[in-house]
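Below is one structure; the comments refer to it alone.
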Amino acid sequence: MWDSLPQGEHEEEQMPEEVNIDDLLELQTDGERRSRLQIMFRLCRKNTDEFITELLRKLQGLHKVEVQKAGLESPQQH
């Protein structure tokens, strides 16, 4: 996933050490997720918009899987 960001001299110093996917999934909207990611990448000199957009797209798929799993694991009431 990190392959999408352009690499350059000293950019590793400006990248966040990690992105906590669970924290992002707990946010209610893509707008909130985008804002959180933009804050995390604020020191990156390169444009990160494309990377953030792609990450949000992938998170949507993850969120759907998590919701489906939660539905399968909870007991069904009749």
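Residues in the structure tokens are numbered from 1 in each chain, the chains being A, B, ... in the order shown, and ligands are numbered from 1 in the order shown.
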As a ChimeraX atom specification, please: the residues near Leu27 in chain A (cut-off 12 Å, only C-alpha atoms, same-chain neighbours under 4 positions excluded).
/A:20-23,31-37,56,59-60,63
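The space between CA of Glu50 in chain A and CA of Lys69 in chain A spans 29.1 Å.
The two atoms in question, CA of Thr48 in chain A and CA of Val19 in chain A, are spaced 13.9 Å apart.
For the pair CA of Cys44 in chain A and CA of Glu18 in chain A, the interatomic distance is 13.9 Å.
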